[in-house]
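Engineer: Can you keep this structure in mind? I'll have questions shortly.
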Amino acid sequence: MDPDSTRPRGRVVMLVDNGVHGDSRVQKTARSAAEAGWEVILLGILGKTSPEDSWMIGDAQVRLIKVPRPLAQHPLNLRRSLRRPLAYRPGRYATQRLNALKARRLDLEQRQVRLDEARRDGAGGSYLIGKLLLLPPRATTKVRTQWARLRAGELKRLRSNQQNENLLLTRLSIQFWQKVMGPRSWRRLDPGLWDYEIAFGPVIDELEPDIIHANDFRMAGVGVRAAERARALGRPTRVVWDAHEYVAGVLGREDNPRWLPAQIAYTAEHAPRADAVVTVSSTLAELLREVHSLPELPDVVLNAPDRVVDDARLAEPVPDLRALCGVGPDTPLLVYCGGVNPSRGLETMVDALPRLPGVHIALVTLHPTGNNTPSEEVRERAVEAGVGDRVHLLPYVPHWQVSAFLAPADAGIIPIHHKPNHELALITKFLEYSHARLPIVVSDVRTMAETVRSTGQGEVFRAEDVPDYVRAVQAVLADPQRYRRAYDRPGLLDGWTWEAQAAVLDGVYRRLRPDVAPPVRQPADPVLR
């Protein structure tokens with residue numbers, strides 16, 4: 001008997017705080033780990049728009065679970081505050097009170113209408129008596145309404161103050177909990193993080209994983225605590241924290257100044273307790289080791305596209321980019337693929353179009369289950385600029401088709417603004433554009449700008465500078481083959497493949513749990529995209 005056939009098969013439970021659809025890194029991680037022989041169960045969140053709650057990605061199981069959010073509302077929003085002692089208690093009472101008084105005023109007005117009708121019918125005496133009887137309730141209702149409006153206004157001002165990070169009391173309250181509790185301060189600043197623990201924890205415990213792969217910062221604590229519970233029961237469960245970004249560099253929430261400090265504290269408490277850390281770039285790996293005093297430098301797993309595609313996926317037809325845009329092969333076509341928000345810089349692309357006659361842009365931004373309002377706002381901006389007919393909104397395609405789908409374009413655009421996380425990595429679309437062999441026009445964010453200048457695969461422009469962006473685009477369109485030749489350099493694209501990244505991740509798993517690692521599988525003959 002083959003001794004490998006009797007070895008236990010290591011179970012990897014992966015955690016992610018989204019619905020899995022649209023998260024190519026998580027999907028590829030699950031599929032490749034299962035292909036390497038691990039038993040993989042991927043747990044995500046079941047949302048209102050989730051088309052299904054379970055399915056397979058290759059040999060990996062996907063299960064979506066409901067995550068009720070009763071703790072998401074901060075306690076400050078549920079109790080009175082001495083900041084505004086006259087404010088109504090939080091909740092719907094203020095609205096109910098104002099509407100009740102409005103109803104009272106309408107009732108009194110209706111009584112006045114009936115008196116006016118009686119007067120026209122000749123009942124003058126009853127009119128005078130009725131009018132006198134209306135005076136006291138009218139007066140008291142007016143006073144009560146003014147008082148209610150004052151108190152409702154105080155509640156609104158209280159909420160505004162509590163959400164204003166520049167106010168001294170708000171800053172002091174955040175700093176107090178940071179000083180008193182340190183990394184544990186998230187419990188006071190954002191108790192809603194417990195909602196993920198309450199929902200995911202019992203499911204993880206029941207699955208009894210050998211390895212927990214926690215994606216991004218919200219799942220770090222969920223995974224670490226689950227592993228601690230398992231070890232207390234005698235199971236040597238290990239945790240891999242997959243840091244997709246630097247949490248201190250993410251955008252805070254305008255309506256909640258406590259949110260970002262809470263996430264930073266939450267990550268600081270749990271990151272050092274992970275058994276291994278992987279992340280998306282060497283720059284971020286160095287930063288994480290320094291910030292969290294990690295004993296080892298995190299392994300780097302790039303957000304790279306698949307180079308090898310299985311027969312089933314290869315048989316699926318790739319949509320025709322230019323046909324979807326309604327343009328021919330000679331029309332200059334720029335493409336952007338990914339999310340839409342103010343820091344992504346799509347306004348630069350739209351505002352430049354009047355200076356780029358005949359150039360079209362394809363925005364592959366329509367998420368199948370997400371909010372596409374930001375994309376529609378970009379289209380409206382284009383219409384207002386008179387270039388709406390040259391801006392094309394297109395839906396996402398499966399992650400294994402992205403590079404082939406984008407390849408007919410003339411250049412791939414990355415117009416992102418300067419933000420901490422934008423400086424740290426070769427983002428997914430950069431690598432997808434590279435495998436599409438597209439010249440890349442990228443803003444001068446650190447890591448990607450340095451790479452483009454080094455490889456010669458594109459042009460760099462100053463972020464948010466429309467004239468400089470126009471210069472870069474014109475340079476690429478004037479001689480695209482010059483930039484495409486950069487991809488002929490031996491080994492450049494080989495290191496930017498998911499297959500290379502999967503090998504790194506499999507090595508991390510095997511290092512943590514060699515006792516349950518599956519037999520090493522020989523790679524099949526590749527079928528390239």
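FYI, nothing fancy with the structure tokens labels: chains A, B, ... in order, residues from 1 per chain, ligands from 1 as they appear.
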Which residues of segment 382-439 of chain A come within 9 Å of segment 272-294 of chain A, and for each one, what is the closest pair of atoms and their distance in Å to one decimal, counting only C-alpha atoms, sorted by chain and residue number, as CSV?

Structural biologist:
residue,atom,partner,partner_atom,distance
A:Asn421,CA,A:Leu284,CA,8.7
A:Glu423,CA,A:Thr283,CA,9.0
A:Leu424,CA,A:Thr283,CA,5.7
A:Ala425,CA,A:Ser281,CA,5.2
A:Leu426,CA,A:Ser281,CA,7.1
A:Ile427,CA,A:Val280,CA,8.2

Engineer: Export N, CA, C and O atoms of the chosen residues as an mmCIF file, in the first residue's frame?

Structural biologist:
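So the final result, stored in out.cif, reads:
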data_model
loop_
_atom_site.group_PDB
_atom_site.id
_atom_site.type_symbol
_atom_site.label_atom_id
_atom_site.label_comp_id
_atom_site.auth_asym_id
_atom_site.auth_seq_id
_atom_site.Cartn_x
_atom_site.Cartn_y
_atom_site.Cartn_z
ATOM 1 N N ASN A 421 -1.562 52.836 0.909
ATOM 2 C CA ASN A 421 -1.597 51.492 0.338
ATOM 3 C C ASN A 421 -1.327 51.477 -1.164
ATOM 4 O O ASN A 421 -0.892 50.463 -1.706
ATOM 5 N N GLU A 423 0.983 53.031 -2.595
ATOM 6 C CA GLU A 423 2.423 53.137 -2.811
ATOM 7 C C GLU A 423 3.141 51.801 -2.637
ATOM 8 O O GLU A 423 4.304 51.672 -3.009
ATOM 9 N N LEU A 424 2.445 50.802 -2.056
ATOM 10 C CA LEU A 424 3.152 49.655 -1.492
ATOM 11 C C LEU A 424 3.233 48.412 -2.355
ATOM 12 O O LEU A 424 4.005 47.505 -2.038
ATOM 13 N N ALA A 425 2.445 48.305 -3.429
ATOM 14 C CA ALA A 425 2.367 47.006 -4.101
ATOM 15 C C ALA A 425 2.122 47.155 -5.595
ATOM 16 O O ALA A 425 1.691 48.204 -6.084
ATOM 17 N N LEU A 426 2.428 46.075 -6.313
ATOM 18 C CA LEU A 426 1.961 45.911 -7.688
ATOM 19 C C LEU A 426 0.543 45.368 -7.584
ATOM 20 O O LEU A 426 0.340 44.198 -7.273
ATOM 21 N N ILE A 427 -0.435 46.223 -7.812
ATOM 22 C CA ILE A 427 -1.816 45.819 -7.587
ATOM 23 C C ILE A 427 -2.268 44.840 -8.675
ATOM 24 O O ILE A 427 -1.598 44.661 -9.696
#

Engineer: Excluding segment 361-378 of chain A and residues on its chain fewer than 4 positions from it, collect all residues at most 8 Å away from it, counting only C-alpha atoms, and give them as a list in words.

Structural biologist: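 Using only C-alpha atoms, the neighbours found are Gly22, Thr49, Ser50, Cys325, Leu333, Leu334, Val335, Tyr336, Cys337, Gly338, Gly339, Val340, Asn341, Leu346, Glu347, Met349, Val350, Ala382, Arg390, Val391, His392, Leu393, Leu394, Pro395 and Tyr396 of chain A.
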
Engineer: Could you pull the residues within 8 Å of segment 23-34 of chain A, counting only C-alpha atoms, minus those fewer than 3 positions along the same chain, as an MDAnalysis selection string?

Structural biologist: chainID A and resid 14 16 20 37:42 57:60 215 303 399 498 502 506

Engineer: Mind dumping a table of every segment 198-309 of chain A residue within 12 Å of segment 172-182 of chain A, with the nearest atom pair and its distance in Å to one decimal, using only C-alpha atoms, sorted by chain and rising number, as JSON lines?

Structural biologist:
{"residue": "A:Asn256", "atom": "CA", "partner": "A:Ile174", "partner_atom": "CA", "distance": 11.2}
{"residue": "A:Pro257", "atom": "CA", "partner": "A:Ile174", "partner_atom": "CA", "distance": 8.5}
{"residue": "A:Arg258", "atom": "CA", "partner": "A:Ile174", "partner_atom": "CA", "distance": 6.7}
{"residue": "A:Trp259", "atom": "CA", "partner": "A:Ile174", "partner_atom": "CA", "distance": 10.1}
{"residue": "A:Leu260", "atom": "CA", "partner": "A:Ile174", "partner_atom": "CA", "distance": 10.7}
{"residue": "A:Pro261", "atom": "CA", "partner": "A:Ile174", "partner_atom": "CA", "distance": 8.0}
{"residue": "A:Ala262", "atom": "CA", "partner": "A:Gln178", "partner_atom": "CA", "distance": 9.0}
{"residue": "A:Gln263", "atom": "CA", "partner": "A:Gln178", "partner_atom": "CA", "distance": 12.0}
{"residue": "A:Ile264", "atom": "CA", "partner": "A:Gly182", "partner_atom": "CA", "distance": 10.5}
{"residue": "A:Ala265", "atom": "CA", "partner": "A:Gly182", "partner_atom": "CA", "distance": 7.1}
{"residue": "A:Tyr266", "atom": "CA", "partner": "A:Gly182", "partner_atom": "CA", "distance": 9.8}
{"residue": "A:Thr267", "atom": "CA", "partner": "A:Gly182", "partner_atom": "CA", "distance": 11.6}
{"residue": "A:Ala268", "atom": "CA", "partner": "A:Gly182", "partner_atom": "CA", "distance": 9.1}
{"residue": "A:Glu269", "atom": "CA", "partner": "A:Gly182", "partner_atom": "CA", "distance": 8.6}

Engineer: For atom CA of Arg84 of chain A and atom CA of Gln146 of chain A, quote the distance in Å rounded to one decimal.

Structural biologist: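 Straight-line distance from atom CA of Arg84 of chain A to atom CA of Gln146 of chain A works out to 17.0 Å.
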
Engineer: With only C-alpha atoms as the basis for distance, which of A:Trp147, A:Tyr509, A:Trp496, A:Trp186 is at the shortest distance from His435 of chain A?

Structural biologist: A:Trp496

Engineer: Run DSSP on the backbone of this structure and report the residues of segment 316-357 of chain A it assigns to strand (DSSP E or B), as a PyMOL selection string.

Structural biologist: chain A and resi 333-337

Engineer: Could you give me, as a list of chain:residue names, the residues within 10 Å of His417 of chain A, counting only C-alpha atoms and dropping anything in the same chain fewer than 2 positions from it?

Structural biologist: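 My list of contacting residues is A:Pro342, A:Ser343, A:Arg344, A:Gly345, A:Leu346, A:Ile414, A:Pro415, A:Lys419, A:Pro420, A:His422, A:Glu423, A:Ser443, A:Asp444, A:Val445, A:Arg462, A:Ala463, A:Glu464.
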
Engineer: Can those selected residues be exported to a file as a PDB file, in the first residue's frame so that it contains N, CA, C and O atoms?

Structural biologist:
ATOM      1  N   PRO A 342     -13.235  57.781  -5.297  1.00  0.00           N
ATOM      2  CA  PRO A 342     -12.499  59.008  -5.635  1.00  0.00           C
ATOM      3  C   PRO A 342     -10.989  58.842  -5.715  1.00  0.00           C
ATOM      4  O   PRO A 342     -10.330  59.538  -6.500  1.00  0.00           O
ATOM      5  N   SER A 343     -10.410  57.933  -4.931  1.00  0.00           N
ATOM      6  CA  SER A 343      -8.953  57.797  -4.942  1.00  0.00           C
ATOM      7  C   SER A 343      -8.437  56.967  -6.110  1.00  0.00           C
ATOM      8  O   SER A 343      -7.229  56.872  -6.309  1.00  0.00           O
ATOM      9  N   ARG A 344      -9.340  56.356  -6.891  1.00  0.00           N
ATOM     10  CA  ARG A 344      -8.899  55.549  -8.033  1.00  0.00           C
ATOM     11  C   ARG A 344      -8.552  56.410  -9.251  1.00  0.00           C
ATOM     12  O   ARG A 344      -7.944  55.930 -10.198  1.00  0.00           O
ATOM     13  N   GLY A 345      -8.998  57.681  -9.272  1.00  0.00           N
ATOM     14  CA  GLY A 345      -8.543  58.614 -10.294  1.00  0.00           C
ATOM     15  C   GLY A 345      -9.216  58.524 -11.635  1.00  0.00           C
ATOM     16  O   GLY A 345      -8.680  59.030 -12.636  1.00  0.00           O
ATOM     17  N   LEU A 346     -10.398  57.922 -11.721  1.00  0.00           N
ATOM     18  CA  LEU A 346     -11.052  57.815 -13.023  1.00  0.00           C
ATOM     19  C   LEU A 346     -11.452  59.171 -13.585  1.00  0.00           C
ATOM     20  O   LEU A 346     -11.613  59.334 -14.797  1.00  0.00           O
ATOM     21  N   ILE A 414      -3.747  53.029 -14.914  1.00  0.00           N
ATOM     22  CA  ILE A 414      -3.818  52.977 -13.448  1.00  0.00           C
ATOM     23  C   ILE A 414      -3.630  54.414 -12.948  1.00  0.00           C
ATOM     24  O   ILE A 414      -2.504  54.843 -12.660  1.00  0.00           O
ATOM     25  N   PRO A 415      -4.719  55.184 -12.830  1.00  0.00           N
ATOM     26  CA  PRO A 415      -4.588  56.602 -12.498  1.00  0.00           C
ATOM     27  C   PRO A 415      -4.750  56.922 -11.006  1.00  0.00           C
ATOM     28  O   PRO A 415      -5.188  58.007 -10.642  1.00  0.00           O
ATOM     29  N   LYS A 419      -2.020  57.434  -1.944  1.00  0.00           N
ATOM     30  CA  LYS A 419      -2.524  56.967  -0.660  1.00  0.00           C
ATOM     31  C   LYS A 419      -1.525  55.923  -0.149  1.00  0.00           C
ATOM     32  O   LYS A 419      -0.847  55.272  -0.940  1.00  0.00           O
ATOM     33  N   PRO A 420      -1.419  55.768   1.173  1.00  0.00           N
ATOM     34  CA  PRO A 420      -0.392  54.843   1.687  1.00  0.00           C
ATOM     35  C   PRO A 420      -0.400  53.471   1.032  1.00  0.00           C
ATOM     36  O   PRO A 420       0.654  52.970   0.617  1.00  0.00           O
ATOM     37  N   HIS A 422      -1.580  52.596  -1.831  1.00  0.00           N
ATOM     38  CA  HIS A 422      -1.315  52.649  -3.267  1.00  0.00           C
ATOM     39  C   HIS A 422       0.180  52.662  -3.573  1.00  0.00           C
ATOM     40  O   HIS A 422       0.582  52.351  -4.702  1.00  0.00           O
ATOM     41  N   GLU A 423       0.983  53.031  -2.595  1.00  0.00           N
ATOM     42  CA  GLU A 423       2.423  53.137  -2.811  1.00  0.00           C
ATOM     43  C   GLU A 423       3.141  51.801  -2.637  1.00  0.00           C
ATOM     44  O   GLU A 423       4.304  51.672  -3.009  1.00  0.00           O
ATOM     45  N   SER A 443       0.081  56.329 -12.609  1.00  0.00           N
ATOM     46  CA  SER A 443       0.455  57.526 -11.849  1.00  0.00           C
ATOM     47  C   SER A 443       1.733  57.238 -11.061  1.00  0.00           C
ATOM     48  O   SER A 443       2.156  56.085 -10.918  1.00  0.00           O
ATOM     49  N   ASP A 444       2.343  58.275 -10.527  1.00  0.00           N
ATOM     50  CA  ASP A 444       3.661  58.139  -9.903  1.00  0.00           C
ATOM     51  C   ASP A 444       3.586  57.638  -8.458  1.00  0.00           C
ATOM     52  O   ASP A 444       4.258  58.169  -7.564  1.00  0.00           O
ATOM     53  N   VAL A 445       2.781  56.593  -8.241  1.00  0.00           N
ATOM     54  CA  VAL A 445       2.785  55.919  -6.946  1.00  0.00           C
ATOM     55  C   VAL A 445       4.021  55.014  -6.905  1.00  0.00           C
ATOM     56  O   VAL A 445       4.410  54.426  -7.906  1.00  0.00           O
ATOM     57  N   ARG A 462       2.271  62.308 -13.338  1.00  0.00           N
ATOM     58  CA  ARG A 462       2.003  62.833 -12.003  1.00  0.00           C
ATOM     59  C   ARG A 462       0.533  62.628 -11.658  1.00  0.00           C
ATOM     60  O   ARG A 462      -0.346  63.025 -12.432  1.00  0.00           O
ATOM     61  N   ALA A 463       0.273  62.010 -10.527  1.00  0.00           N
ATOM     62  CA  ALA A 463      -1.106  61.714 -10.115  1.00  0.00           C
ATOM     63  C   ALA A 463      -1.947  62.980 -10.090  1.00  0.00           C
ATOM     64  O   ALA A 463      -1.485  64.041  -9.648  1.00  0.00           O
ATOM     65  N   GLU A 464      -3.178  62.863 -10.606  1.00  0.00           N
ATOM     66  CA  GLU A 464      -4.174  63.942 -10.622  1.00  0.00           C
ATOM     67  C   GLU A 464      -3.778  65.103 -11.534  1.00  0.00           C
ATOM     68  O   GLU A 464      -4.368  66.173 -11.459  1.00  0.00           O
TER      69      GLU A 464
END

Engineer: Measure the distance from atom CA of Arg484 of chain A to atom CA of Glu459 of chain A in Å and round it to one decimal.

Structural biologist: 11.8 Å

Engineer: Using atom CA of Ala315 of chain A and atom CA of Ala36 of chain A as the two end points, give the distance in Å to one decimal.

Structural biologist: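 These atoms are spaced 22.8 Å apart.
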
Engineer: Pick out each residue of segment 383-458 of chain A that DSSP on the backbone tags as helix (DSSP H, G or I); I need them as number ranges by chain.

Structural biologist: A: 383-384, 388-390, 399-406, 420-423, 428-435, 446-455

Engineer: With a distance cut-off of 9 Å and only C-alpha atoms, select the neighbouring residues of segment 510-518 of chain A, excluding the residue or stretch itself and same-chain residues fewer than 5 positions from it, and output the selection as a PDB file with N, CA, C and O atoms, in the first residue's frame.

Structural biologist:
ATOM      1  N   ASP A   4       1.488   7.145   1.352  1.00  0.00           N
ATOM      2  CA  ASP A   4       0.830   8.450   1.248  1.00  0.00           C
ATOM      3  C   ASP A   4      -0.683   8.337   1.273  1.00  0.00           C
ATOM      4  O   ASP A   4      -1.388   9.275   1.650  1.00  0.00           O
ATOM      5  N   ARG A   7      -2.028   8.744   4.833  1.00  0.00           N
ATOM      6  CA  ARG A   7      -1.744   9.983   5.572  1.00  0.00           C
ATOM      7  C   ARG A   7      -3.015  10.801   5.721  1.00  0.00           C
ATOM      8  O   ARG A   7      -3.835  10.864   4.798  1.00  0.00           O
ATOM      9  N   PRO A   8      -3.193  11.469   6.874  1.00  0.00           N
ATOM     10  CA  PRO A   8      -4.347  12.363   7.002  1.00  0.00           C
ATOM     11  C   PRO A   8      -4.214  13.533   6.031  1.00  0.00           C
ATOM     12  O   PRO A   8      -3.108  14.006   5.760  1.00  0.00           O
ATOM     13  N   ARG A   9      -5.330  13.958   5.503  1.00  0.00           N
ATOM     14  CA  ARG A   9      -5.345  15.074   4.562  1.00  0.00           C
ATOM     15  C   ARG A   9      -5.588  16.362   5.320  1.00  0.00           C
ATOM     16  O   ARG A   9      -6.602  16.515   5.995  1.00  0.00           O
ATOM     17  N   GLY A  10      -4.654  17.300   5.251  1.00  0.00           N
ATOM     18  CA  GLY A  10      -4.762  18.540   6.009  1.00  0.00           C
ATOM     19  C   GLY A  10      -5.953  19.374   5.573  1.00  0.00           C
ATOM     20  O   GLY A  10      -6.191  19.553   4.373  1.00  0.00           O
ATOM     21  N   ARG A  11      -6.705  19.862   6.551  1.00  0.00           N
ATOM     22  CA  ARG A  11      -7.882  20.690   6.256  1.00  0.00           C
ATOM     23  C   ARG A  11      -7.527  22.160   6.466  1.00  0.00           C
ATOM     24  O   ARG A  11      -7.106  22.565   7.552  1.00  0.00           O
ATOM     25  N   ALA A  36      -3.394  21.455  -4.793  1.00  0.00           N
ATOM     26  CA  ALA A  36      -2.163  20.937  -4.187  1.00  0.00           C
ATOM     27  C   ALA A  36      -2.437  19.759  -3.255  1.00  0.00           C
ATOM     28  O   ALA A  36      -1.494  19.165  -2.731  1.00  0.00           O
ATOM     29  N   GLY A  37      -3.706  19.428  -3.036  1.00  0.00           N
ATOM     30  CA  GLY A  37      -4.051  18.266  -2.234  1.00  0.00           C
ATOM     31  C   GLY A  37      -4.635  18.563  -0.873  1.00  0.00           C
ATOM     32  O   GLY A  37      -5.029  17.647  -0.148  1.00  0.00           O
ATOM     33  N   TRP A  38      -4.717  19.843  -0.482  1.00  0.00           N
ATOM     34  CA  TRP A  38      -5.323  20.194   0.801  1.00  0.00           C
ATOM     35  C   TRP A  38      -6.844  20.126   0.688  1.00  0.00           C
ATOM     36  O   TRP A  38      -7.416  20.391  -0.372  1.00  0.00           O
ATOM     37  N   ASP A 210      -6.916  22.184  10.404  1.00  0.00           N
ATOM     38  CA  ASP A 210      -5.498  22.066  10.711  1.00  0.00           C
ATOM     39  C   ASP A 210      -4.804  23.411  10.506  1.00  0.00           C
ATOM     40  O   ASP A 210      -3.876  23.760  11.232  1.00  0.00           O
ATOM     41  N   ILE A 211      -5.266  24.145   9.494  1.00  0.00           N
ATOM     42  CA  ILE A 211      -4.727  25.475   9.196  1.00  0.00           C
ATOM     43  C   ILE A 211      -5.900  26.415   8.971  1.00  0.00           C
ATOM     44  O   ILE A 211      -6.875  26.065   8.297  1.00  0.00           O
ATOM     45  N   PRO A 236      -3.322  20.986  17.174  1.00  0.00           N
ATOM     46  CA  PRO A 236      -2.258  21.937  16.829  1.00  0.00           C
ATOM     47  C   PRO A 236      -2.603  22.818  15.625  1.00  0.00           C
ATOM     48  O   PRO A 236      -1.863  22.879  14.636  1.00  0.00           O
ATOM     49  N   THR A 237      -3.728  23.498  15.686  1.00  0.00           N
ATOM     50  CA  THR A 237      -4.164  24.356  14.576  1.00  0.00           C
ATOM     51  C   THR A 237      -3.222  25.545  14.423  1.00  0.00           C
ATOM     52  O   THR A 237      -2.804  26.153  15.410  1.00  0.00           O
ATOM     53  N   ARG A 238      -2.904  25.875  13.191  1.00  0.00           N
ATOM     54  CA  ARG A 238      -2.022  26.998  12.889  1.00  0.00           C
ATOM     55  C   ARG A 238      -2.774  28.049  12.064  1.00  0.00           C
ATOM     56  O   ARG A 238      -3.728  27.723  11.356  1.00  0.00           O
ATOM     57  N   VAL A 239      -2.322  29.293  12.179  1.00  0.00           N
ATOM     58  CA  VAL A 239      -2.997  30.415  11.507  1.00  0.00           C
ATOM     59  C   VAL A 239      -2.049  31.092  10.529  1.00  0.00           C
ATOM     60  O   VAL A 239      -0.911  31.428  10.885  1.00  0.00           O
ATOM     61  N   VAL A 240      -2.533  31.319   9.316  1.00  0.00           N
ATOM     62  CA  VAL A 240      -1.852  32.153   8.331  1.00  0.00           C
ATOM     63  C   VAL A 240      -2.674  33.420   8.171  1.00  0.00           C
ATOM     64  O   VAL A 240      -3.870  33.354   7.842  1.00  0.00           O
ATOM     65  N   ASP A 275       0.680  32.453  13.201  1.00  0.00           N
ATOM     66  CA  ASP A 275       1.838  31.564  13.068  1.00  0.00           C
ATOM     67  C   ASP A 275       2.660  31.874  11.828  1.00  0.00           C
ATOM     68  O   ASP A 275       3.858  31.564  11.773  1.00  0.00           O
ATOM     69  N   ALA A 276       2.033  32.481  10.835  1.00  0.00           N
ATOM     70  CA  ALA A 276       2.744  32.905   9.622  1.00  0.00           C
ATOM     71  C   ALA A 276       1.955  34.054   9.008  1.00  0.00           C
ATOM     72  O   ALA A 276       0.735  34.153   9.169  1.00  0.00           O
ATOM     73  N   LEU A 505       2.695  29.838  -1.238  1.00  0.00           N
ATOM     74  CA  LEU A 505       1.686  29.616  -0.208  1.00  0.00           C
ATOM     75  C   LEU A 505       1.658  28.155   0.239  1.00  0.00           C
ATOM     76  O   LEU A 505       1.548  27.858   1.443  1.00  0.00           O
TER      77      LEU A 505
END
